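Q: So here's coords06.cif, just mmCIF, C-alpha atoms and all ligand atoms:
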```cif
data_work
loop_
_atom_site.label_atom_id
_atom_site.label_comp_id
_atom_site.auth_asym_id
_atom_site.auth_seq_id
_atom_site.Cartn_x
_atom_site.Cartn_y
_atom_site.Cartn_z
CA MET A 1 0.00 0.00 0.00
CA GLN A 2 1.25 3.47 -0.84
CA ASP A 3 2.06 5.83 2.02
CA VAL A 4 -0.55 8.30 0.84
CA THR A 5 -3.29 5.64 0.95
CA ARG A 6 -2.22 4.65 4.45
CA ARG A 7 -2.34 8.29 5.55
CA TRP A 8 -5.91 8.77 4.24
CA ILE A 9 -7.08 5.58 5.91
CA GLU A 10 -5.50 6.58 9.23
CA ALA A 11 -7.07 10.04 9.11
CA ASP A 12 -10.45 8.55 8.23
CA GLN A 13 -10.31 5.95 10.98
CA ALA A 14 -9.24 8.60 13.48
CA HIS A 15 -11.83 11.25 12.59
CA CYS A 16 -14.62 10.20 10.19
CA TRP A 17 -17.91 8.66 11.24
CA HIS A 18 -19.58 6.70 8.42
CA PRO A 19 -23.31 6.25 7.76
CA PHE A 20 -25.01 2.96 8.75
CA THR A 21 -21.60 1.64 9.78
CA ARG A 22 -20.36 -0.39 12.71
CA GLN A 23 -17.39 1.84 13.37
CA ALA A 24 -15.59 -0.77 15.46
CA ASP A 25 -15.46 -3.08 12.42
CA TRP A 26 -14.58 -0.22 10.12
CA CYS A 27 -11.61 0.76 12.26
CA ALA A 28 -10.56 -2.80 13.05
CA ARG A 29 -7.09 -3.96 12.13
CA GLY A 30 -7.31 -5.99 8.95
CA HIS A 31 -10.13 -3.91 7.46
CA GLU A 32 -8.77 -2.00 4.51
CA PRO A 33 -11.25 0.67 3.38
CA LEU A 34 -11.06 1.52 -0.31
CA VAL A 35 -10.10 5.11 -0.98
CA LEU A 36 -11.91 6.02 -4.21
CA VAL A 37 -10.18 8.73 -6.18
CA ARG A 38 -11.48 8.79 -9.75
CA GLY A 39 -14.37 7.75 -11.98
CA GLU A 40 -15.10 7.42 -15.66
CA GLY A 41 -18.27 5.89 -17.08
CA VAL A 42 -19.26 2.85 -15.01
CA TRP A 43 -15.73 2.56 -13.59
CA LEU A 44 -14.19 3.77 -10.33
CA TRP A 45 -10.52 3.70 -9.38
CA ASP A 46 -9.06 3.46 -5.89
CA SER A 47 -5.91 5.16 -4.63
CA GLU A 48 -3.91 2.00 -5.39
CA GLY A 49 -4.85 2.20 -9.08
CA ARG A 50 -7.35 -0.69 -9.04
CA ARG A 51 -10.44 -0.41 -11.24
CA TYR A 52 -13.99 -1.42 -10.26
CA PHE A 53 -17.42 -1.54 -11.90
CA ASP A 54 -19.71 0.77 -9.90
CA GLY A 55 -22.32 -1.93 -9.26
CA ASN A 56 -24.64 0.16 -7.09
CA SER A 57 -24.27 3.44 -8.98
CA SER A 58 -22.54 5.06 -5.99
CA ILE A 59 -25.42 4.30 -3.64
CA TRP A 60 -28.16 4.44 -6.29
CA THR A 61 -27.37 7.95 -7.53
CA ASN A 62 -25.36 7.75 -10.76
CA ILE A 63 -27.25 7.61 -14.06
CA HIS A 64 -25.01 8.37 -17.07
CA GLY A 65 -21.67 7.31 -15.63
CA HIS A 66 -18.89 9.21 -13.90
CA GLY A 67 -16.98 12.08 -15.50
CA HIS A 68 -19.56 12.50 -18.25
CA PRO A 69 -18.31 15.36 -20.47
CA HIS A 70 -21.74 16.99 -20.86
CA LEU A 71 -22.48 16.99 -17.13
CA THR A 72 -18.97 18.09 -16.24
CA ALA A 73 -19.09 20.97 -18.75
CA ALA A 74 -22.53 22.13 -17.52
CA ILE A 75 -21.37 22.22 -13.90
CA ARG A 76 -18.09 23.93 -14.82
CA ASP A 77 -19.93 26.49 -16.92
CA GLN A 78 -22.27 27.33 -14.04
CA LEU A 79 -19.33 27.40 -11.61
CA GLU A 80 -17.60 30.01 -13.73
CA ARG A 81 -20.67 32.26 -13.44
CA VAL A 82 -21.67 31.65 -9.80
CA ALA A 83 -21.63 28.62 -7.48
CA HIS A 84 -24.52 29.52 -5.23
CA THR A 85 -27.12 32.25 -4.82
CA SER A 86 -30.10 32.43 -2.47
CA PHE A 87 -33.43 31.08 -3.69
CA LEU A 88 -35.06 32.94 -0.82
CA GLY A 89 -36.00 36.24 -2.42
CA PHE A 90 -34.37 35.57 -5.80
CA THR A 91 -34.50 33.13 -8.66
CA HIS A 92 -31.97 32.02 -11.28
CA PRO A 93 -32.09 30.58 -14.80
CA GLY A 94 -31.27 26.99 -13.86
CA ALA A 95 -34.03 26.67 -11.25
CA ALA A 96 -36.63 28.25 -13.53
CA ASP A 97 -35.70 26.01 -16.45
CA LEU A 98 -35.44 22.88 -14.33
CA ALA A 99 -38.82 23.36 -12.63
CA ALA A 100 -40.47 23.88 -16.02
CA ARG A 101 -38.62 20.90 -17.49
CA LEU A 102 -39.64 18.54 -14.66
CA CYS A 103 -43.30 19.61 -14.78
CA ALA A 104 -43.27 19.15 -18.56
CA CYS A 105 -42.68 15.41 -17.97
CA PHE A 106 -46.35 15.22 -16.90
CA PRO A 107 -49.62 16.17 -18.61
CA ASN A 108 -50.82 19.78 -18.39
CA ASN A 109 -52.70 20.65 -15.21
CA SER A 110 -51.24 17.74 -13.25
CA LEU A 111 -47.87 18.22 -11.52
CA GLU A 112 -47.27 21.94 -11.97
CA ARG A 113 -44.94 23.05 -9.17
CA ALA A 114 -41.46 21.98 -8.09
CA PHE A 115 -40.16 22.69 -4.58
CA PHE A 116 -36.41 22.16 -4.38
CA SER A 117 -34.44 20.76 -1.46
CA ASP A 118 -31.25 18.80 -0.85
CA ASP A 119 -31.71 15.02 -0.74
CA GLY A 120 -34.25 12.24 -0.67
CA SER A 121 -35.09 12.70 3.00
CA THR A 122 -35.81 16.40 2.60
CA ALA A 123 -37.88 15.78 -0.56
CA ILE A 124 -40.07 13.55 1.64
CA GLU A 125 -40.12 16.06 4.52
CA VAL A 126 -41.39 18.69 2.10
CA ALA A 127 -44.21 16.43 0.86
CA LEU A 128 -45.27 15.51 4.41
CA LYS A 129 -45.30 19.10 5.67
CA MET A 130 -47.12 20.33 2.59
CA ALA A 131 -49.70 17.56 2.91
CA VAL A 132 -50.38 18.42 6.56
CA GLN A 133 -50.43 22.18 6.03
CA TYR A 134 -52.75 21.70 3.04
CA ARG A 135 -55.29 20.03 5.36
CA LEU A 136 -54.89 22.76 7.97
CA GLN A 137 -55.72 25.35 5.32
CA THR A 138 -58.63 23.50 3.73
CA GLY A 139 -60.68 22.91 6.85
CA ALA A 140 -59.50 19.40 7.71
CA PRO A 141 -56.96 19.86 10.54
CA GLU A 142 -57.70 16.38 11.93
CA GLN A 143 -56.12 14.81 8.81
CA ARG A 144 -52.50 14.93 9.96
CA GLY A 145 -51.36 11.30 9.96
CA PHE A 146 -49.92 9.12 7.21
CA ILE A 147 -50.18 5.58 5.96
CA ALA A 148 -46.95 3.92 4.86
CA PHE A 149 -46.06 0.40 3.84
CA ALA A 150 -44.37 -2.24 5.96
CA ASN A 151 -40.63 -2.47 5.27
CA GLY A 152 -40.67 0.80 3.32
CA TYR A 153 -37.74 3.22 3.46
CA HIS A 154 -38.10 6.97 2.97
CA GLY A 155 -34.98 8.54 4.45
CA ASP A 156 -33.42 9.31 7.80
CA THR A 157 -34.47 12.79 8.92
CA LEU A 158 -37.00 12.45 11.71
CA GLY A 159 -40.19 13.13 9.75
CA ALA A 160 -39.18 10.92 6.83
CA ALA A 161 -37.88 8.29 9.22
CA SER A 162 -41.20 8.13 11.07
CA LEU A 163 -42.63 6.58 7.87
CA MET A 164 -39.99 3.89 8.20
CA GLY A 165 -41.17 0.34 7.95
CA VAL A 166 -37.70 -1.09 8.56
CA GLY A 167 -37.63 -1.95 12.25
CA ARG A 168 -33.89 -2.35 12.61
CA PHE A 169 -33.38 1.30 11.60
CA PHE A 170 -36.15 3.14 13.46
CA GLU A 171 -37.68 1.05 16.27
CA ARG A 172 -35.70 2.90 18.97
CA PHE A 173 -37.11 6.28 17.82
CA ARG A 174 -40.73 5.12 17.50
CA GLY A 175 -43.11 7.68 19.02
CA LEU A 176 -41.09 10.61 17.74
CA GLY A 177 -42.16 12.10 14.43
CA TYR A 178 -45.47 11.84 12.58
CA PRO A 179 -48.33 9.51 13.49
CA VAL A 180 -47.97 6.72 10.90
CA HIS A 181 -50.00 3.60 10.35
CA HIS A 182 -48.25 0.79 8.47
CA VAL A 183 -49.97 -1.68 6.17
CA ALA A 184 -48.46 -4.66 4.36
CA ALA A 185 -50.43 -4.50 1.11
CA MET A 186 -53.53 -3.19 -0.67
CA GLU A 187 -55.69 -5.89 0.95
CA GLU A 188 -54.87 -4.56 4.41
CA LEU A 189 -55.32 -0.95 3.31
CA ARG A 190 -58.86 -1.73 2.19
CA THR A 191 -59.77 -3.06 5.66
CA LEU A 192 -58.92 0.18 7.51
CA PRO A 193 -62.00 1.64 9.22
CA ASP A 194 -63.38 5.04 8.23
CA ASN A 195 -62.74 6.59 11.64
CA MET A 196 -59.05 5.78 11.19
CA LEU A 197 -58.91 7.09 7.62
CA ALA A 198 -60.50 10.34 8.82
CA GLY A 199 -57.15 11.19 10.44
CA ILE A 200 -55.00 10.52 7.36
CA ALA A 201 -53.49 13.20 5.11
CA GLY A 202 -51.64 10.94 2.68
CA VAL A 203 -50.33 7.52 1.72
CA VAL A 204 -46.61 7.17 1.00
CA ILE A 205 -45.10 4.42 -1.12
CA GLU A 206 -42.02 3.52 -3.13
CA PRO A 207 -43.72 2.75 -6.46
CA LEU A 208 -43.12 -0.58 -8.29
CA ILE A 209 -40.31 -1.76 -6.01
CA GLN A 210 -39.20 -1.28 -2.40
CA GLY A 211 -35.45 -0.68 -2.41
CA VAL A 212 -34.17 -1.10 1.14
CA ASN A 213 -36.61 -3.99 1.61
CA GLU A 214 -34.12 -6.19 -0.26
CA MET A 215 -35.38 -5.01 -3.68
CA ARG A 216 -38.94 -6.34 -3.44
CA PRO A 217 -41.28 -5.49 -6.36
CA TRP A 218 -44.98 -4.83 -5.79
CA PRO A 219 -47.55 -6.88 -7.71
CA ALA A 220 -48.22 -5.49 -11.21
CA GLY A 221 -51.14 -3.08 -11.22
CA MET A 222 -50.88 -2.31 -7.51
CA LEU A 223 -49.86 1.31 -8.00
CA ALA A 224 -52.86 2.04 -10.22
CA GLU A 225 -55.12 0.38 -7.62
CA LEU A 226 -53.60 2.52 -4.89
CA ARG A 227 -54.20 5.67 -6.96
CA ALA A 228 -57.86 4.72 -7.41
CA TRP A 229 -58.22 3.97 -3.68
CA CYS A 230 -56.70 7.34 -2.74
CA ASP A 231 -59.10 9.12 -5.11
CA THR A 232 -62.09 7.36 -3.59
CA GLN A 233 -60.97 8.23 -0.06
CA GLY A 234 -59.86 11.80 -0.77
CA ILE A 235 -56.37 10.99 0.53
CA HIS A 236 -53.22 12.28 -1.16
CA LEU A 237 -50.81 9.90 -2.86
CA ILE A 238 -47.15 10.64 -2.14
CA LEU A 239 -44.71 8.76 -4.37
CA ASP A 240 -41.15 8.29 -3.22
CA GLU A 241 -39.25 7.96 -6.50
CA VAL A 242 -35.93 8.77 -4.88
CA MET A 243 -34.56 5.41 -6.05
CA THR A 244 -36.88 4.57 -8.96
CA GLY A 245 -36.76 7.99 -10.66
CA PHE A 246 -34.76 8.84 -13.77
CA GLY A 247 -34.95 5.63 -15.75
CA ARG A 248 -34.06 2.92 -13.24
CA THR A 249 -37.27 0.97 -13.84
CA GLY A 250 -37.21 1.40 -17.63
CA SER A 251 -39.21 4.63 -17.96
CA LEU A 252 -38.25 8.09 -16.77
CA PHE A 253 -40.47 7.69 -13.69
CA ALA A 254 -41.85 4.46 -12.25
CA CYS A 255 -45.35 5.93 -11.91
CA GLN A 256 -45.53 6.27 -15.70
CA ARG A 257 -45.38 2.49 -16.03
CA GLU A 258 -48.87 2.26 -14.50
CA GLY A 259 -50.21 5.54 -15.88
CA VAL A 260 -50.34 7.05 -12.39
CA ILE A 261 -49.86 10.69 -11.47
CA PRO A 262 -49.36 11.28 -7.75
CA ASP A 263 -50.28 14.35 -5.70
CA PHE A 264 -46.66 14.62 -4.56
CA LEU A 265 -43.65 13.21 -6.39
CA CYS A 266 -40.36 13.06 -4.48
CA LEU A 267 -37.17 13.02 -6.55
CA ALA A 268 -33.52 13.08 -5.49
CA LYS A 269 -30.66 10.60 -6.02
CA GLY A 270 -30.62 10.50 -9.84
CA LEU A 271 -31.98 14.03 -10.34
CA THR A 272 -28.53 15.52 -10.98
CA GLY A 273 -27.32 12.38 -12.71
CA GLY A 274 -25.91 11.59 -9.28
CA TYR A 275 -23.38 14.44 -9.43
CA LEU A 276 -24.64 16.82 -6.74
CA PRO A 277 -26.98 16.60 -3.76
CA MET A 278 -30.30 18.02 -4.81
CA ALA A 279 -33.97 17.08 -4.61
CA ALA A 280 -37.35 18.19 -5.87
CA THR A 281 -40.89 17.65 -4.63
CA LEU A 282 -43.42 18.08 -7.42
CA THR A 283 -47.06 18.80 -6.65
CA THR A 284 -50.34 19.85 -8.21
CA GLY A 285 -51.86 23.25 -8.84
CA ALA A 286 -54.75 22.37 -6.52
CA ILE A 287 -52.39 21.81 -3.58
CA TYR A 288 -50.34 24.90 -4.42
CA ASP A 289 -53.47 27.08 -4.51
CA ALA A 290 -54.25 26.28 -0.86
CA PHE A 291 -51.03 28.10 0.10
CA LEU A 292 -52.12 31.39 -1.51
CA GLY A 293 -53.92 34.23 0.22
CA ALA A 294 -53.13 35.43 3.73
CA ALA A 295 -49.43 35.65 4.66
CA ASP A 296 -49.65 32.86 7.24
CA ARG A 297 -50.74 30.45 4.52
CA ALA A 298 -47.26 30.46 2.95
CA PHE A 299 -45.10 27.34 3.13
CA TYR A 300 -42.51 28.33 5.71
CA TYR A 301 -39.85 25.82 4.86
CA GLY A 302 -36.49 25.83 3.07
CA HIS A 303 -32.78 25.18 3.28
CA SER A 304 -29.71 27.36 2.71
CA PHE A 305 -28.82 25.50 -0.45
CA THR A 306 -32.36 25.20 -1.87
CA ALA A 307 -32.19 25.18 -5.70
CA ASN A 308 -28.39 25.32 -5.72
CA PRO A 309 -27.38 26.53 -9.21
CA LEU A 310 -24.70 23.87 -9.67
CA GLY A 311 -27.25 21.16 -8.88
CA CYS A 312 -29.79 22.69 -11.28
CA ALA A 313 -27.17 22.85 -14.04
CA ALA A 314 -26.30 19.18 -13.47
CA ALA A 315 -29.97 18.15 -13.46
CA LEU A 316 -30.72 19.99 -16.70
CA ALA A 317 -27.62 18.49 -18.32
CA SER A 318 -28.62 15.01 -17.16
CA LEU A 319 -32.05 15.39 -18.77
CA GLU A 320 -30.30 16.52 -21.97
CA VAL A 321 -28.13 13.41 -21.93
CA PHE A 322 -31.29 11.27 -21.76
CA GLN A 323 -32.17 12.80 -25.15
CA GLN A 324 -28.69 12.86 -26.68
CA GLU A 325 -27.86 9.27 -25.81
CA GLN A 326 -31.36 7.82 -26.18
CA THR A 327 -30.89 6.48 -22.68
CA LEU A 328 -34.46 5.22 -22.23
CA GLU A 329 -34.66 3.80 -25.76
CA LEU A 330 -31.56 1.67 -25.15
CA LEU A 331 -32.78 0.33 -21.82
CA PRO A 332 -35.01 -2.59 -22.90
CA ASP A 333 -32.02 -4.44 -24.42
CA LYS A 334 -29.89 -3.87 -21.35
CA ILE A 335 -32.69 -4.93 -19.01
CA GLY A 336 -33.15 -8.12 -21.05
CA HIS A 337 -29.42 -8.76 -21.07
CA LEU A 338 -29.24 -8.38 -17.30
CA ARG A 339 -32.26 -10.67 -16.87
CA GLN A 340 -30.62 -13.41 -18.95
CA GLY A 341 -27.28 -12.99 -17.22
CA LEU A 342 -28.87 -13.23 -13.78
CA ALA A 343 -30.85 -16.33 -14.79
CA ALA A 344 -27.63 -17.99 -15.96
CA LEU A 345 -25.92 -17.03 -12.72
CA GLN A 346 -28.79 -18.44 -10.68
CA ALA A 347 -28.63 -21.70 -12.62
CA ARG A 348 -24.94 -22.03 -11.75
CA HIS A 349 -25.16 -21.19 -8.04
CA PRO A 350 -27.61 -23.02 -5.75
CA VAL A 351 -26.87 -20.36 -3.12
CA ILE A 352 -28.93 -17.89 -5.19
CA HIS A 353 -32.38 -18.32 -3.69
CA ASP A 354 -34.21 -15.61 -5.62
CA VAL A 355 -33.50 -12.94 -8.23
CA ARG A 356 -35.78 -9.89 -8.12
CA GLN A 357 -35.48 -7.44 -10.99
CA CYS A 358 -37.33 -4.29 -11.97
CA GLY A 359 -35.76 -2.48 -14.91
CA LEU A 360 -32.03 -2.11 -14.21
CA ILE A 361 -32.55 -2.70 -10.49
CA ALA A 362 -31.74 -6.20 -9.27
CA GLY A 363 -31.65 -7.92 -5.89
CA ILE A 364 -29.95 -11.31 -5.70
CA GLU A 365 -31.03 -13.07 -2.52
CA LEU A 366 -28.58 -15.60 -1.13
CA ARG A 367 -29.61 -18.49 1.08
CA ARG A 368 -28.22 -21.86 2.03
CA PRO A 369 -28.87 -24.39 -0.74
CA ASP A 370 -31.57 -26.01 1.45
CA GLY A 371 -33.52 -22.72 1.28
CA GLU A 372 -32.80 -21.69 4.89
CA LYS A 373 -31.50 -18.20 5.52
CA PHE A 374 -27.89 -17.86 6.63
CA PRO A 375 -27.51 -16.97 10.31
CA PRO A 376 -27.37 -13.13 10.39
CA GLY A 377 -24.08 -13.21 12.29
CA GLU A 378 -22.44 -14.90 9.34
CA ARG A 379 -22.96 -11.78 7.17
CA PHE A 380 -22.80 -13.91 4.08
CA GLY A 381 -24.00 -11.19 1.68
CA GLU A 382 -21.28 -8.88 2.94
CA ALA A 383 -18.65 -11.58 2.47
CA ILE A 384 -19.74 -12.14 -1.14
CA CYS A 385 -19.64 -8.42 -1.93
CA HIS A 386 -16.21 -8.23 -0.35
CA ALA A 387 -15.03 -11.15 -2.47
CA ALA A 388 -16.48 -9.50 -5.61
CA ARG A 389 -14.23 -6.51 -5.00
CA ALA A 390 -11.19 -8.60 -5.78
CA HIS A 391 -12.79 -9.32 -9.17
CA GLY A 392 -13.46 -5.65 -9.93
CA LEU A 393 -17.04 -5.12 -8.73
CA LEU A 394 -18.19 -2.71 -6.04
CA THR A 395 -21.59 -3.16 -4.49
CA ARG A 396 -23.31 -3.59 -1.12
CA PRO A 397 -25.77 -6.15 0.12
CA ILE A 398 -28.98 -5.49 2.04
CA LEU A 399 -28.85 -8.29 4.60
CA ASP A 400 -28.08 -11.29 2.32
CA THR A 401 -29.46 -9.71 -0.86
CA VAL A 402 -26.71 -8.50 -3.17
CA VAL A 403 -27.77 -5.36 -5.02
CA LEU A 404 -26.91 -4.86 -8.68
CA LEU A 405 -28.05 -1.40 -9.71
CA PRO A 406 -25.69 -0.25 -12.46
CA PRO A 407 -25.54 3.19 -14.05
CA LEU A 408 -27.98 3.28 -17.00
CA CYS A 409 -25.08 3.88 -19.39
CA ALA A 410 -23.63 0.40 -18.71
CA THR A 411 -23.18 -1.57 -21.93
CA PRO A 412 -24.00 -5.27 -22.18
CA ALA A 413 -20.26 -6.03 -22.09
CA GLU A 414 -19.87 -3.97 -18.92
CA LEU A 415 -22.85 -5.72 -17.34
CA ASP A 416 -21.13 -9.01 -18.19
CA HIS A 417 -18.06 -7.83 -16.28
CA ALA A 418 -20.22 -7.27 -13.19
CA LEU A 419 -21.92 -10.66 -13.58
CA ALA A 420 -18.57 -12.42 -14.06
CA ALA A 421 -17.24 -10.79 -10.88
CA LEU A 422 -20.27 -12.05 -8.95
CA ASP A 423 -19.88 -15.48 -10.52
CA ALA A 424 -16.28 -15.61 -9.36
CA ALA A 425 -17.17 -14.35 -5.88
CA LEU A 426 -19.92 -16.96 -5.52
CA GLY A 427 -17.66 -19.66 -6.94
CA GLY A 428 -15.20 -19.10 -4.14
CA ALA A 429 -17.89 -19.17 -1.46
C1 LIG A 501 -32.20 6.82 -0.62
C2 LIG A 501 -33.66 6.90 -0.45
C3 LIG A 501 -34.25 7.91 0.34
C4 LIG A 501 -33.43 8.91 1.11
O1 LIG A 501 -32.66 9.71 0.29
P1 LIG A 501 -31.36 10.46 0.90
O2 LIG A 501 -30.83 11.24 -0.25
O3 LIG A 501 -30.44 9.37 1.36
O4 LIG A 501 -31.84 11.30 2.02
C5 LIG A 501 -35.62 7.97 0.40
N1 LIG A 501 -36.37 7.08 -0.26
C6 LIG A 501 -35.87 6.10 -1.01
C7 LIG A 501 -36.78 5.18 -1.74
C8 LIG A 501 -34.48 5.98 -1.13
O5 LIG A 501 -33.96 4.98 -1.86
#
```
Since I need it in another form, could you write the structure as structure tokens?
Ligand SMILES: *Cc1c(COP(=O)(O)O)cnc(C)c1O

A:
Amino acid sequence: MQDVTRRWIEADQAHCWHPFTRQADWCARGHEPLVLVRGEGVWLWDSEGRRYFDGNSSIWTNIHGHGHPHLTAAIRDQLERVAHTSFLGFTHPGAADLAARLCACFPNNSLERAFFSDDGSTAIEVALKMAVQYRLQTGAPEQRGFIAFANGYHGDTLGAASLMGVGRFFERFRGLGYPVHHVAAMEELRTLPDNMLAGIAGVVIEPLIQGVNEMRPWPAGMLAELRAWCDTQGIHLILDEVMTGFGRTGSLFACQREGVIPDFLCLAKGLTGGYLPMAATLTTGAIYDAFLGAADRAFYYGHSFTANPLGCAAALASLEVFQQEQTLELLPDKIGHLRQGLAALQARHPVIHDVRQCGLIAGIELRRPDGEKFPPGERFGEAICHAARAHGLLTRPILDTVVLLPPLCATPAELDHALAALDAALGGA
């Protein structure tokens, strides 16, 4: 190992605190964190010069690959004019164009307003606060709770986290945050009594597929059914497309696959192509109108970096790349290629219990060949991902489900590299 690598690792282990990380393991002797220093396309390089396929798109954010010339030029161009200006009291070209561009993805008179924030969690916070304040200002103050789905994940700030259906992340904070009722599926939703629904402002869901829940797709048609149910009940539908947005499922937004338009659409990770932290919450003209009138009806919410011009420039450039490179048009072949490759992998490795795929999102669940789960303490999924590193693939498991969520620009040959690395990692298991 080079001295410079050793120095970075020592400084990190002495002073950094990593997300969702057992720091004792991270800092343990024998654990060698990778220091990532460069990226190009689907590839990342560490400080020792080793190259890896970015198998989880840098935690589900990257869309068109790293170091994309169009994105880089757009950010640089904006940087040369100004890096940041306040969106409180002013506007700027990038925000105006981006808001219009995002709303133009939906039919006229549907999603008409974009409220910008910083990340997936804050995009959700915005939707929740707007949904509650909307009820306060339309004569229904009792409607201040939410329905969310079991095992759902919507971010880590307290409001977003109170929607959390993942017990191991939030159980200790239960009771803080919003009143939330969890249901497992549509069937259970339909059984909720009217007196309970009378207290609900909105239903929140990750459309088509739950990410953190080990990449579990919903039954086909479920989203459209949920939309119809919400309409009947007069309850808002909040879609968390933080993971599914920007092409991951095969269309620009997952909701388009079932012809659904939500009342709130939360976007983040892929919004800037994965280059800068930025989010948007889209909503309807009807909801927006309830915030007009007296001064105290305004939406008093925002962050210092709301509508950051560099983020807006990146987001606009990313949408341009979708056009220039026919990103969505090329997806069906890649999705089919990945499906075939995963089926072949499953046929070769009895330890693959299930493969769940939605577009270019895949979860590969590992179990003992007799179908039993591995004991959690064994951390088998983690061991496989660690082994895959040596074969040039970076990704993370969720429990024992290995995630393969490549940048949309990945070619079939590059996808084969990722599959071959997994094959080798599983072969050594
Ligand atoms: C990642 C994610 C979030 C949270 O986004 P952050 O940018 O990490 O705050 C919310 N919802 C879903 C579905 C996500 O995948």

Q: Scan for residues within 12 Å of the point (-37.1, 22.2, -15.5) in the coordinates of the file, using all atoms listed in the file, and reply as a ChimeraX atom specification.

A: /A:92-106,112-116,271-272,280,282,307,311-320

Q: Could you work out an axis-aligned box for range 53-66 of chain A, taking every atom the file lists and adding 5 Å on each side, and report centre and edge lengths in Å to one decimal, as AutoDock Vina command-line options?

A:
```
--center_x -22.8 --center_y 3.6 --center_z -10.4 --size_x 20.7 --size_y 21.1 --size_z 23.4
```

Q: Measuring between all atoms listed in the file, which one of A:Asp370, A:Glu382, A:Asp12, A:Asp156 shows the shortest distance to ligand LIG 501 (chain A)?

A: A:Asp156

Q: Taking only C-alpha atoms and all ligand atoms into account, report as a ChimeraX atom specification which residues have an atom no farther than 6 Å from an atom of ligand LIG 501 (chain A).

A: /A:119-121,153-155,206,211,240,242-243,269

Q: Report, in Å with one decimal, the straight-line distance from CA of Trp60 in chain A to CA of Ala268 in chain A.

A: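 Straight-line distance from CA of Trp60 in chain A to CA of Ala268 in chain A works out to 10.2 Å.
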
Q: Kindly indicate which residue among A:Cys16, A:Thr5, A:Ile361, A:Trp26 lies nearest to Gly336 in chain A, using only C-alpha atoms for the distances.

A: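 Smallest distance to Gly336 in chain A is found for A:Ile361.
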
Q: So which one's closest to Asp231 in chain A, A:Ile287, A:Ile261, A:Val132, A:Met164? Using only C-alpha atoms, please.

A: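 Among the listed residues, A:Ile261 lies closest to Asp231 in chain A.
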
Q: Pick out the closest residue to Pro309 in chain A from this set: A:Glu365, A:Asp77, A:Asp25, A:Glu48. Count only C-alpha atoms.

A: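 Nearest candidate to Pro309 in chain A out of A:Glu365, A:Asp77, A:Asp25, A:Glu48: A:Asp77.
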
Q: Mind giving me the straight-line distance from CA of Arg168 in chain A to CA of Asp118 in chain A in Å, one decimal?

A: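 Here the two named atoms are 25.2 Å from each other.
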